[in-house]
Amino acid sequence: MTAPVPAAERTRAADQALDDLARGELAWAGCDLAKRRALLEQVHRATAEQAEAWVRAAVAYKRLPPGSRLVGEEWITGPYPVLTSTDALAASIRALEERRSPTDGFPVRRLPGGRVGIRVLPHSVWDRLLLNGFSAEVWMPPGVTEEMLRARAGLALHHPADTRGVGVVLGAGNVTSIPILDVLYELYAHNRVVALKLNPVTDGLLDVFSRVLAPFIDLGAVRILTGGADVGSYLVHHPKAGHVHMTGSATTHDAIVFGTGTEGAARKRAGKPLLEKPVTSELGGVSPTIVLPGAWTEADLRFQAQHIATQRLHNGGYNCVAGQVVVIGSQWAQKDRFLQHLRAALAAAPARPAYYPGSDDRTSQALDSYPGAERISQGRVLISNLDPDEPGPALTTEYFAPVLAVLELPGDTEQFLDEAVRTANAKFTGTLGVNLVASPGTITRLGPALDRAIAELRYGTVALNAWTGVGYLTATATWGAFPGHTLDDVQSGIGVVHNALLLDGPERTVVRGPFRPAPRAAARAVRAVPQAPVVRGQRHGRHHRPTAHRLRGLPALVGTAGRVRLGSARLTRHVGPGFDCRGSS
């Protein structure tokens, strides 16, 4: 089988782009650290200037009404993480210029299993003000010492003149910051110049992305192309492309690496890829949310149900780390009441178009597999009463649609936790992210057992009382699958991105958040914290629109009522996309 060849015009454009990049690699090699930092600062300014246009383009292809409360999602998952990542990367480069480690000032501690972890959130005074109650650590694999962690941070920037050829980035179509962040990581962590091929869904962002990346385009270090799968195939197989990074599904990955049909399947079985060059990837999977039994108030039940509904429905459910299966204790006294709140939260969440290709077909597949599934308003589906012994495709098929399942497991709190960890590791497809929900009392009772459970979970991001999406939005955290996957068993992918401290070989990120939002937490003598991340229920998310020329001013002035002011705009204080939990207090 040979790769399909695109139309002659697109072929010429691809050839020209790769020729340009072959020359641009020399220019990139000639950029010292100071120049590379200056380029990041230019991209930061361009992102702020293009933010309004960026969000308009995202709103257009996602078919959101301009005044919708959902528009806030596009601000916080589009320009915002690019702004924070360019800032954080620039700080790492400045450290290297000053012959320091990018990790200087970030505390390191010992962890279970002979590991060390570096706390990346909170770090600055702004983190403590704006993200009070949230934390994130990057864990290194067993055997990596603090001295090794700090000495190796910086990756390819230790030798900027030693460039590594041309990389192809196949951009994502769901979250608009992903293509830009992937390009930055290729340039700075791996020292490769980049041909970015946009997902056709995001073609409307071509002009915005071209302006944001203009400093690299002018240098010759980046080229942006459009087109379908034929263009992508032509690029990845091009002799001048030495590396491929992609975001998508495992099915798409296998089609690229091994080919399609019976021939592709045979190559995969034989371990003989069609694409014989290095490939890294972020591929999603089926993300579990493990709810630990405890004594919850009615407000707790309602709030956490909204939190979990948001993990599924944010961006319409088209997220690689959308929570797809709620793992709950069958013996939990409050189980039925919690599920009532969960149904209500799924039904009450804002309506939105099914913009991502194939969504309705994937929802229909879920209904065909589970005839007893509940059809909830706005095309949402709740699958309950999964058989723990034969749960079916809900644990192995990433629906990438508004489909949520519930799996009940037996046991008291500690027995349930042990079984839930075993099930998550053994029966779920993918290792990108896992969420745990536990009340403060349960956390205290479990003590070290909970820390051991977190260490045993083989996921690239583990979040306790926070959605793993917070890890995506934290520039200094790592994002990617748990390490160890191979091309023929790729699961959620190979390698990491983001990682603005440029840590060498991280294992995972662990995020922790508050069980209760403020002010209820303060009333219960729990540390006052912002509303839980990206939780549905906000009635005026449309106001969370930073003025473009003010976005460059991050960190911003702190306003009242737990919000951040960026110019005339208000964003939720913890980097949520314009939602809080009304009625949860």
# chains A, B, ... in the order shown; residues from 1 in each chain; ligands from 1
$ select_by_dssp --residues "region 321-361 of chain A" --states "alpha helix (DSSP H)" --output "ChimeraX atom specification"
/A:335-348,359-361
$ write_last_selection --atoms "C-alpha atoms" --output "compact mmCIF listing (two decimals), in the first residue's frame"
# COMPACT_ATOMS: atom_id res chain seq x y z
CA LYS A 335 -25.33 6.47 46.00
CA ASP A 336 -28.93 6.78 44.79
CA ARG A 337 -29.23 10.40 45.87
CA PHE A 338 -25.95 11.24 44.17
CA LEU A 339 -27.11 9.62 40.92
CA GLN A 340 -30.32 11.66 41.07
CA HIS A 341 -28.23 14.82 41.24
CA LEU A 342 -26.05 13.55 38.39
CA ARG A 343 -29.07 13.03 36.13
CA ALA A 344 -30.30 16.49 36.98
CA ALA A 345 -26.90 18.04 36.24
CA LEU A 346 -26.68 16.32 32.85
CA ALA A 347 -30.16 17.53 31.96
CA ALA A 348 -29.63 21.11 33.15
CA SER A 359 -20.67 12.62 17.30
CA ASP A 360 -24.20 11.44 16.59
CA ASP A 361 -22.96 8.16 15.15
$ residues_around --residues "Tyr356 (chain A)" --least-positions-apart "3" --cutoff "10 Å" --atoms "only C-alpha atoms" --output "list of chain:residue names"
A:Tyr61, A:Lys62, A:Gly173, A:Asn174, A:Val201, A:Asn315, A:Gly316, A:Gly317, A:Tyr318, A:Pro353, A:Ser359, A:Asp360, A:Phe400, A:Ala401
$ residues_around --residues "Arg36 (chain A)" --least-positions-apart "3" --cutoff "12 Å" --atoms "only C-alpha atoms" --output "ChimeraX atom specification"
/A:27-33,39-43,86,89-94,96-97,157,160-161,184,187-189,191,215-216,219,221
$ write_last_selection --atoms "N, CA and C atoms" --output "CSV table (one decimal), in the first residue's frame"
chain,number,residue,atom,x,y,z
A,27,ALA,N,18.4,28.8,10.4
A,27,ALA,CA,18.2,30.0,11.1
A,27,ALA,C,17.8,29.7,12.6
A,28,TRP,N,17.0,28.6,12.8
A,28,TRP,CA,16.7,28.3,14.2
A,28,TRP,C,17.9,27.9,14.9
A,29,ALA,N,18.8,27.2,14.3
A,29,ALA,CA,20.1,26.8,15.0
A,29,ALA,C,20.9,28.0,15.4
A,30,GLY,N,20.8,29.1,14.6
A,30,GLY,CA,21.5,30.3,14.9
A,30,GLY,C,20.9,31.1,16.0
A,31,CYS,N,19.7,30.8,16.5
A,31,CYS,CA,19.1,31.5,17.5
A,31,CYS,C,19.6,31.1,18.9
A,32,ASP,N,20.2,32.0,19.6
A,32,ASP,CA,20.7,31.6,21.0
A,32,ASP,C,19.5,31.7,21.9
A,33,LEU,N,19.8,31.5,23.2
A,33,LEU,CA,18.7,31.5,24.2
A,33,LEU,C,18.0,32.8,24.3
A,39,LEU,N,11.5,35.6,20.9
A,39,LEU,CA,10.5,35.1,20.0
A,39,LEU,C,9.3,34.7,20.8
A,40,LEU,N,9.4,34.0,22.0
A,40,LEU,CA,8.3,33.7,22.8
A,40,LEU,C,7.5,34.9,23.3
A,41,GLU,N,8.3,35.9,23.6
A,41,GLU,CA,7.6,37.2,24.1
A,41,GLU,C,6.8,37.8,22.9
A,42,GLN,N,7.3,37.7,21.7
A,42,GLN,CA,6.6,38.2,20.6
A,42,GLN,C,5.3,37.4,20.3
A,43,VAL,N,5.4,36.1,20.5
A,43,VAL,CA,4.2,35.2,20.3
A,43,VAL,C,3.2,35.5,21.4
A,86,THR,N,3.7,30.5,27.1
A,86,THR,CA,4.8,31.3,26.6
A,86,THR,C,5.5,32.0,27.8
A,89,LEU,N,7.6,29.2,29.6
A,89,LEU,CA,8.8,28.8,28.8
A,89,LEU,C,9.9,29.9,28.8
A,90,ALA,N,9.4,31.1,28.7
A,90,ALA,CA,10.4,32.3,28.7
A,90,ALA,C,11.1,32.3,30.0
A,91,ALA,N,10.4,32.0,31.1
A,91,ALA,CA,11.1,32.0,32.4
A,91,ALA,C,12.1,30.9,32.5
A,92,SER,N,11.8,29.7,31.9
A,92,SER,CA,12.8,28.6,31.9
A,92,SER,C,14.0,29.0,31.1
A,93,ILE,N,13.8,29.7,30.0
A,93,ILE,CA,14.9,30.1,29.2
A,93,ILE,C,15.8,31.1,29.9
A,94,ARG,N,15.1,32.0,30.6
A,94,ARG,CA,15.9,33.0,31.3
A,94,ARG,C,16.8,32.3,32.4
A,96,LEU,N,18.1,29.3,32.2
A,96,LEU,CA,19.2,28.7,31.5
A,96,LEU,C,20.2,29.8,31.1
A,97,GLU,N,19.7,30.9,30.7
A,97,GLU,CA,20.7,32.0,30.3
A,97,GLU,C,21.5,32.4,31.5
A,157,LEU,N,17.3,22.7,25.0
A,157,LEU,CA,17.8,24.0,25.1
A,157,LEU,C,19.2,24.1,25.8
A,160,PRO,N,21.2,24.6,22.1
A,160,PRO,CA,20.3,25.1,21.1
A,160,PRO,C,20.8,25.0,19.6
A,161,ALA,N,22.1,25.0,19.4
A,161,ALA,CA,22.6,24.9,18.0
A,161,ALA,C,22.5,23.5,17.4
A,184,LEU,N,5.0,24.8,20.0
A,184,LEU,CA,6.0,25.3,20.9
A,184,LEU,C,6.9,24.2,21.5
A,187,LEU,N,9.5,23.0,19.1
A,187,LEU,CA,10.6,24.0,18.9
A,187,LEU,C,11.5,24.0,20.1
A,188,TYR,N,10.9,24.1,21.3
A,188,TYR,CA,11.7,24.4,22.5
A,188,TYR,C,12.2,23.1,23.2
A,189,ALA,N,11.4,22.1,23.3
A,189,ALA,CA,11.8,20.9,24.0
A,189,ALA,C,12.7,20.0,23.2
A,191,ASN,N,13.8,21.0,19.8
A,191,ASN,CA,14.7,21.7,18.9
A,191,ASN,C,14.5,21.3,17.4
A,215,PRO,N,6.2,35.3,14.3
A,215,PRO,CA,7.7,35.4,14.6
A,215,PRO,C,8.4,34.1,14.1
A,216,PHE,N,7.9,32.9,14.3
A,216,PHE,CA,8.5,31.7,13.8
A,216,PHE,C,8.4,31.5,12.3
A,219,LEU,N,10.9,33.7,10.6
A,219,LEU,CA,12.2,33.1,10.7
A,219,LEU,C,12.5,31.9,9.8
A,221,ALA,N,11.0,28.9,10.7
A,221,ALA,CA,11.0,27.8,11.6
A,221,ALA,C,9.7,27.1,11.7
$ residues_around --residues "Ala373 (chain A)" --least-positions-apart "2" --cutoff "9 Å" --atoms "only C-alpha atoms" --output "list of chain:residue names"
A:Ala366, A:Leu367, A:Ser369, A:Tyr370, A:Pro371, A:Arg375, A:Val381, A:Leu382, A:Ile383, A:Ser384, A:Ala405
$ residues_around --residues "region 436-440 of chain A" --least-positions-apart "4" --cutoff "10 Å" --atoms "only C-alpha atoms" --output "CSV table (one decimal) with C-alpha atoms, in the first residue's frame"
chain,number,residue,atom,x,y,z
A,288,PRO,CA,-12.7,7.2,34.9
A,289,THR,CA,-13.9,9.3,37.7
A,290,ILE,CA,-13.6,7.4,41.0
A,291,VAL,CA,-16.1,8.6,43.7
A,292,LEU,CA,-15.1,7.5,47.1
A,293,PRO,CA,-17.9,6.8,49.6
A,294,GLY,CA,-18.3,9.3,52.4
A,295,ALA,CA,-20.8,11.3,54.5
A,296,TRP,CA,-21.7,14.2,52.2
A,300,ASP,CA,-21.8,18.3,48.4
A,304,GLN,CA,-19.9,17.1,42.9
A,307,HIS,CA,-18.5,18.8,38.7
A,308,ILE,CA,-18.7,15.3,37.2
A,326,VAL,CA,-18.2,7.2,37.0
A,327,VAL,CA,-16.9,4.5,39.3
A,417,LEU,CA,-10.6,2.2,46.5
A,444,THR,CA,-8.2,11.8,56.6
A,445,ARG,CA,-9.5,8.3,57.3
A,446,LEU,CA,-7.6,6.8,54.3
A,450,LEU,CA,-4.9,7.2,49.4
A,454,ILE,CA,-2.5,7.6,43.6
A,462,VAL,CA,-4.2,12.0,38.4
A,463,ALA,CA,-6.6,14.6,39.8
A,464,LEU,CA,-8.0,14.5,43.4
A,465,ASN,CA,-11.1,16.8,43.8
A,466,ALA,CA,-10.3,18.5,40.5
A,467,TRP,CA,-10.8,17.6,36.9
A,468,THR,CA,-7.7,16.5,35.1
A,512,ARG,CA,-5.3,18.4,44.0
A,513,GLY,CA,-8.2,20.7,44.5
A,514,PRO,CA,-10.9,21.5,47.0
A,515,PHE,CA,-13.8,19.2,47.8
A,516,ARG,CA,-16.0,22.2,48.6
A,526,VAL,CA,-11.9,24.1,55.3
$ closest_residue --among "A:Val279, A:Leu129, A:Val421, A:Ala299" --to "Arg452 (chain A)" --atoms "only C-alpha atoms"
A:Val421
